[in-house]
file coords26.txt (compact mmCIF, C-alpha atoms)
# COMPACT_ATOMS: atom_id res chain seq x y z
CA MET A 261 0.00 0.00 0.00
CA ALA A 262 1.35 3.43 -0.96
CA LEU A 263 2.05 5.93 1.78
CA SER A 264 0.04 9.14 1.67
CA ALA A 265 1.16 12.70 2.26
CA THR A 266 1.20 14.13 5.77
CA LEU A 267 -0.66 17.41 6.12
CA HIS A 268 0.98 20.14 8.20
CA HIS A 269 -0.71 23.40 9.13
CA PHE A 270 1.29 26.60 9.68
CA ALA A 271 -0.26 29.82 10.98
CA VAL A 272 2.46 32.33 10.11
CA GLN A 273 2.73 35.98 11.02
CA LEU A 274 5.17 37.31 8.41
CA ALA A 275 7.08 40.55 8.89
CA ASP A 276 9.56 40.92 6.03
CA VAL A 277 11.04 44.30 6.90
CA ASP A 278 13.52 44.09 4.01
CA ARG A 279 10.67 44.03 1.45
CA GLY A 280 7.95 45.81 3.44
CA VAL A 281 5.68 42.72 3.46
CA TYR A 282 3.46 42.12 6.51
CA GLU A 283 0.93 39.29 6.25
CA ASP A 284 -0.89 36.66 8.27
CA LEU A 285 -0.66 33.39 6.36
CA GLU A 286 -2.55 30.13 6.83
CA LEU A 287 -0.50 27.45 5.08
CA ARG A 288 -1.59 23.87 4.63
CA VAL A 289 1.43 21.96 3.43
CA ALA A 290 1.25 18.37 2.24
CA ARG A 291 4.55 16.58 2.91
CA HIS A 292 5.15 13.75 0.46
CA PRO A 293 6.44 10.53 2.11
CA SER A 294 9.82 10.97 0.40
CA GLU A 295 10.12 14.66 1.35
CA THR A 296 12.39 15.46 4.28
CA LEU A 297 11.33 17.90 6.96
CA GLU A 298 14.36 20.03 6.00
CA TYR A 299 13.13 20.32 2.42
CA MET A 300 9.56 21.08 3.56
CA LEU A 301 10.77 23.80 5.94
CA THR A 302 12.93 25.34 3.21
CA ARG A 303 9.90 25.25 0.88
CA ILE A 304 7.82 27.11 3.50
CA LEU A 305 10.59 29.67 4.02
CA ALA A 306 10.84 30.20 0.25
CA TYR A 307 7.08 30.78 0.11
CA CYS A 308 7.23 33.33 2.93
CA LEU A 309 10.36 35.11 1.70
CA GLN A 310 8.97 35.41 -1.84
CA TYR A 311 5.40 36.13 -0.73
CA GLU A 312 3.35 38.30 -3.06
CA GLU A 313 -0.05 38.17 -4.72
CA GLY A 314 -0.47 34.97 -6.77
CA ILE A 315 2.07 32.78 -4.93
CA VAL A 316 1.26 29.05 -4.63
CA PHE A 317 2.94 25.77 -3.79
CA SER A 318 3.09 23.44 -6.78
CA GLU A 319 0.11 21.12 -6.97
CA GLY A 320 2.23 18.01 -7.40
CA GLY A 321 4.54 18.75 -4.50
CA ILE A 322 8.04 17.34 -4.81
CA SER A 323 6.87 14.77 -7.35
CA ALA A 324 5.89 17.48 -9.89
CA THR A 325 8.37 17.25 -12.74
CA ASP A 326 7.09 20.21 -14.73
CA GLU A 327 6.55 22.73 -11.91
CA PRO A 328 8.80 24.34 -9.32
CA ALA A 329 8.27 23.90 -5.58
CA VAL A 330 6.75 27.41 -5.42
CA GLN A 331 5.53 29.67 -8.18
CA ILE A 332 3.92 33.04 -8.64
CA ARG A 333 1.24 33.56 -11.26
CA ASP A 334 -0.31 36.80 -12.47
CA LEU A 335 -4.07 37.30 -12.84
CA THR A 336 -4.01 35.71 -16.32
CA GLY A 337 -2.41 32.54 -14.92
CA ARG A 338 1.01 33.18 -16.50
CA VAL A 339 3.96 32.10 -14.33
CA THR A 340 5.94 35.20 -13.32
CA ALA A 341 8.35 33.61 -10.82
CA TRP A 342 9.83 30.11 -10.74
CA ILE A 343 11.11 29.27 -7.24
CA GLU A 344 13.00 26.03 -6.71
CA VAL A 345 14.04 24.38 -3.44
CA GLY A 346 17.02 22.17 -2.63
CA ALA A 347 19.41 21.48 -5.50
CA PRO A 348 17.36 21.34 -8.73
CA ASP A 349 19.17 20.29 -11.89
CA ALA A 350 20.39 22.91 -14.35
CA ASP A 351 17.78 22.00 -16.97
CA ARG A 352 14.90 22.78 -14.56
CA VAL A 353 16.44 26.11 -13.60
CA HIS A 354 17.09 26.99 -17.26
CA ARG A 355 13.53 26.11 -18.24
CA GLY A 356 12.04 28.01 -15.30
CA SER A 357 14.10 31.12 -15.96
CA LYS A 358 13.03 31.16 -19.61
CA LEU A 359 9.38 30.47 -18.81
CA ALA A 360 8.88 32.89 -15.94
CA GLY A 361 11.50 35.54 -16.56
CA ARG A 362 12.41 35.43 -12.86
CA ALA A 363 13.79 32.45 -10.98
CA ALA A 364 15.24 31.82 -7.53
CA ILE A 365 16.55 28.84 -5.59
CA TYR A 366 16.36 28.30 -1.82
CA THR A 367 18.56 25.61 -0.34
CA HIS A 368 19.24 24.00 2.99
CA ARG A 369 22.27 22.26 1.51
CA ASP A 370 25.89 23.39 1.20
CA PRO A 371 25.68 26.35 -1.20
CA ALA A 372 29.18 25.73 -2.62
CA LYS A 373 28.16 22.23 -3.72
CA VAL A 374 24.85 23.46 -5.15
CA LEU A 375 26.59 26.24 -7.09
CA ALA A 376 29.29 23.83 -8.34
CA GLN A 377 26.69 21.65 -10.04
CA TYR A 378 25.73 24.62 -12.27
CA ALA A 379 29.28 25.47 -13.38
CA GLY A 380 29.56 25.26 -17.15
CA LYS A 381 25.86 24.45 -17.61
CA LYS A 382 23.57 26.42 -19.88
CA ILE A 383 21.12 28.35 -17.68
CA HIS A 384 19.08 31.22 -19.08
CA ARG A 385 20.22 34.47 -17.43
CA ALA A 386 22.15 32.58 -14.74
CA GLU A 387 23.75 35.79 -13.48
CA ASP A 388 20.28 37.08 -12.53
CA ILE A 389 19.26 33.99 -10.55
CA PRO A 390 19.80 34.18 -6.78
CA LEU A 391 20.56 31.11 -4.70
CA TYR A 392 19.53 31.69 -1.11
CA SER A 393 21.16 29.46 1.47
CA VAL A 394 19.82 29.15 4.98
CA ASP A 395 22.03 28.31 7.97
CA ARG A 396 22.01 24.54 8.40
CA SER A 397 21.97 24.86 12.21
CA PHE A 398 18.87 27.09 11.94
CA ILE A 399 17.14 24.50 9.70
CA ASP A 400 18.07 21.63 12.05
CA ALA A 401 16.80 23.48 15.13
CA ALA A 402 13.53 24.49 13.43
CA VAL A 403 12.87 20.99 12.05
CA ALA A 404 13.04 19.59 15.58
CA LEU A 405 10.12 21.88 16.53
CA ILE A 406 7.72 21.05 13.69
CA ASP A 407 4.39 19.46 14.61
CA ARG A 408 1.31 18.73 12.51
CA ARG A 409 -0.18 22.08 13.68
CA ASN A 410 2.24 24.97 14.01
CA THR A 411 2.21 28.63 14.93
CA ALA A 412 5.05 30.80 13.72
CA THR A 413 6.20 34.38 13.62
CA LEU A 414 8.81 35.01 10.94
CA SER A 415 10.62 38.32 10.82
CA VAL A 416 13.26 39.17 8.25
CA THR A 417 15.58 42.13 8.53
CA GLU A 418 18.91 42.71 6.81
CA GLY A 419 19.17 39.07 5.76
CA VAL A 420 18.58 37.71 9.26
CA LEU A 421 15.66 35.40 9.97
CA TYR A 422 13.97 35.56 13.36
CA LEU A 423 11.61 32.63 13.77
CA ASP A 424 9.38 31.88 16.72
CA LEU A 425 8.08 28.37 16.02
CA ASN A 426 5.66 26.80 18.49
CA GLY A 427 6.98 28.99 21.30
CA THR A 428 10.72 28.59 20.66
CA SER A 429 12.75 31.47 19.23
CA LEU A 430 15.46 30.90 16.64
CA ARG A 431 17.78 33.17 14.69
CA GLY A 432 19.51 32.36 11.41
CA GLU A 433 21.22 33.94 8.45
CA ILE A 434 20.06 33.77 4.87
CA THR A 435 22.82 34.38 2.36
CA GLU A 436 22.38 35.33 -1.29
CA HIS A 437 24.68 33.87 -3.95
CA ARG A 438 24.43 34.19 -7.77
CA LEU A 439 24.46 31.25 -10.16
CA GLY A 440 26.50 33.17 -12.70
CA GLN A 441 29.31 33.50 -10.13
CA ALA A 442 29.68 29.77 -9.52

call {"tool": "encode", "arguments": {"input": "coords26.txt", "output": "structure tokens"}}
result
Amino acid sequence: MALSATLHHFAVQLADVDRGVYEDLELRVARHPSETLEYMLTRILAYCLQYEEGIVFSEGGISATDEPAVQIRDLTGRVTAWIEVGAPDADRVHRGSKLAGRAAIYTHRDPAKVLAQYAGKKIHRAEDIPLYSVDRSFIDAAVALIDRRNTATLSVTEGVLYLDLNGTSLRGEITEHRLGQA
């Protein structure tokens, strides 16, 4: 019998001072049986840190081969931002950048290794694509706090994440790299 997805609920108060975004979000996130908690948390962070009108998680989750983990669509349904998580292959990033015009990658992995996999690969406008890496110790600490129902306050200021997750406060850095500088 196939395993089914686990549904997680996140009530997030988002205060992204860097972008001037302040929202209360109710996120219902289906975690595929093969998806790690680290990947799911990075996917949620990507959603929050890219939040704007029209943002959605991909319908197929991590098993979607033709969609990114997170995307932003305009009112006509056209994809305007292609947001990947983890260490997607160069072909996916290339395709997403061409399709949407704007792409980004969020990773919980070693950014040097992720960037190295793109060296010498053809990626549309690679120099314009940011790779955001999140402190691994921050990810590990936050993952240990995740329940099926979660309350969170996420504040972002000057590239520093302040997360209160289920009553525990964490602080971590988010660092921006560029694919074209790999």

call {"tool": "residues_around", "arguments": {"input": "coords26.txt", "residues": "Ile315 of chain A", "least_positions_apart": "4", "cutoff": "7 Å", "atoms": "all atoms listed in the file", "output": "MDAnalysis selection string"}}
result
chainID A and resid 311 331:333

call {"tool": "atom_distance", "arguments": {"input": "coords26.txt", "atom1": "atom CA of Ser415 of chain A", "atom2": "atom CA of Tyr282 of chain A"}}
result
9.2 Å

call {"tool": "residues_around", "arguments": {"input": "coords26.txt", "residues": "Ala265 of chain A", "least_positions_apart": "3", "cutoff": "10 Å", "atoms": "all atoms listed in the file", "output": "list in words"}}
result
Ala262, His268, Val289, Ala290, Arg291, His292, Pro293, Ser294, Glu295 and Gly321 of chain A

call {"tool": "write_last_selection", "arguments": {"input": "coords26.txt", "atoms": "C-alpha atoms", "output": "tab-separated table (two decimals), keeping the file's coordinate frame"}}
result
chain	number	residue	atom	x	y	z
A	262	ALA	CA	1.35	3.43	-0.96
A	268	HIS	CA	0.98	20.14	8.20
A	289	VAL	CA	1.43	21.96	3.43
A	290	ALA	CA	1.25	18.37	2.24
A	291	ARG	CA	4.55	16.58	2.91
A	292	HIS	CA	5.15	13.75	0.46
A	293	PRO	CA	6.44	10.53	2.11
A	294	SER	CA	9.82	10.97	0.40
A	295	GLU	CA	10.12	14.66	1.35
A	321	GLY	CA	4.54	18.75	-4.50

call {"tool": "closest_residue", "arguments": {"input": "coords26.txt", "among": "A:Leu267, A:Ala376, A:Ile343, A:Leu297", "to": "Tyr392 of chain A", "atoms": "only C-alpha atoms"}}
result
A:Ile343

call {"tool": "atom_distance", "arguments": {"input": "coords26.txt", "atom1": "atom CA of Thr302 of chain A", "atom2": "atom CA of Ile406 of chain A"}}
result
12.5 Å

call {"tool": "atom_distance", "arguments": {"input": "coords26.txt", "atom1": "atom CA of Gly314 of chain A", "atom2": "atom CA of Glu387 of chain A"}}
result
25.1 Å

call {"tool": "residues_around", "arguments": {"input": "coords26.txt", "residues": "Leu359 of chain A", "least_positions_apart": "3", "cutoff": "8 Å", "atoms": "only C-alpha atoms", "output": "VMD selection string"}}
result
chain A and resid 339 355 to 356

call {"tool": "write_last_selection", "arguments": {"input": "coords26.txt", "atoms": "C-alpha atoms", "output": "CSV table (one decimal), in the coordinates of the input"}}
result
chain,number,residue,atom,x,y,z
A,339,VAL,CA,4.0,32.1,-14.3
A,355,ARG,CA,13.5,26.1,-18.2
A,356,GLY,CA,12.0,28.0,-15.3
